[in-house]
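These notes concern the structure reproduced below.
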Amino acid sequence: CCRTLFSTHYHSLVEEFSHDPNIRLGHMSCMVENEGDPAEETITFLYKFAKGACPKSYGFNVARLANIPDEVVKLAKEKAKEFEFDVERKKLFRSLWNDDSVENIKKTQQLIPDEA
């Protein structure tokens, strides 16, 4: 009889439960300055609960606030991009399993790098 579940960086939970009438999503508000330029971006957490899913992850900003070395944050960003690519590729393959239309096959070919 869980009444509250707190998670961070589990975007698949948001996707899975966003349309469930028994689930209400929320996130902690923040103010972002210089958004778009990761090197210049600054974030201030407002400690205010807001309705809905968080629009994006601010984990790398938090790492900078914690004085994690820049080279570590840079490597983490690269790994996150790789992971995101793999997740999207798996979603596409799952959709192909259920629907092997020509359009989906073309999308798959675009995600698979040329070996030649």
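Quick note on naming: the chains in the structure tokens go A, B, ... in the order shown, residues restart at 1 in each chain, and ligands are numbered from 1 in order of appearance.
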Please provide the set of residues having any atom within 12 Å of Cys2 (chain A), restricted to only C-alpha atoms, with same-chain residues fewer than 2 positions apart removed, written as a list in words.
->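 The contact residues come out as Thr4, Leu5, Phe6, Asn22 and Ile23 of chain A.
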Selection near Cys30 (chain A), 8 Å with only C-alpha atoms, sequence-local residues under 2 positions removed, as a list in words =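 Selected residues are Met28, Val32, Ile43, Thr44, Phe45, Leu46 and Tyr47 of chain A.
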Selection file, N, CA, C and O atoms, as a tab-separated table (two decimals), in the first residue's frame:
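Resulting contents of again_39.tsv:
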```tsv
chain	number	residue	atom	x	y	z
A	28	MET	N	10.75	18.92	-8.21
A	28	MET	CA	11.20	20.11	-7.50
A	28	MET	C	11.55	21.18	-8.53
A	28	MET	O	12.29	20.94	-9.47
A	32	VAL	N	16.94	28.08	-14.07
A	32	VAL	CA	18.14	27.85	-14.86
A	32	VAL	C	18.51	29.12	-15.60
A	32	VAL	O	17.67	29.71	-16.28
A	43	ILE	N	22.24	26.67	-12.15
A	43	ILE	CA	20.94	26.20	-11.69
A	43	ILE	C	20.77	26.55	-10.21
A	43	ILE	O	21.73	26.45	-9.44
A	44	THR	N	19.57	26.96	-9.87
A	44	THR	CA	19.21	27.23	-8.47
A	44	THR	C	17.96	26.42	-8.17
A	44	THR	O	16.94	26.58	-8.84
A	45	PHE	N	18.06	25.52	-7.20
A	45	PHE	CA	16.91	24.72	-6.82
A	45	PHE	C	16.05	25.54	-5.86
A	45	PHE	O	16.54	26.12	-4.91
A	46	LEU	N	14.75	25.60	-6.15
A	46	LEU	CA	13.85	26.49	-5.43
A	46	LEU	C	13.14	25.84	-4.25
A	46	LEU	O	12.44	26.51	-3.51
A	47	TYR	N	13.31	24.55	-4.07
A	47	TYR	CA	12.68	23.83	-2.97
A	47	TYR	C	11.17	24.03	-2.95
A	47	TYR	O	10.55	24.20	-1.91
```
Given only C-alpha atoms as the counted atoms, nearest of A:Ser57, A:Ser95, A:Asn34, A:Ser12 to Lys77 (chain A) =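 Looking only at the distances to Lys77 (chain A), the closest residue turns out to be A:Ser57.
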Taking the chain letters and numbering used in this document, name the residues of region 21-107 of chain A that DSSP puts in strand (DSSP E or B), as a PyMOL selection string.
-> chain A and resi 26-33+42-51
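Separating CA of Lys74 (chain A) from CA of Gly52 (chain A) is a distance of 28.9 Å.
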Rank nothing, just name the residue among A:Phe85, A:Trp97, A:Ile68, A:Ser18 nearest to Lys51 (chain A), using only C-alpha atoms.
-> A:Ser18
Could you jot down the CA of Ser29 (chain A) to CA of Ala66 (chain A) separation for me, Å, one decimal place?
->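 Calculated distance between CA of Ser29 (chain A) and CA of Ala66 (chain A) is 18.9 Å.
Separating CA of Ala80 (chain A) from CA of Arg64 (chain A) is a distance of 15.8 Å.
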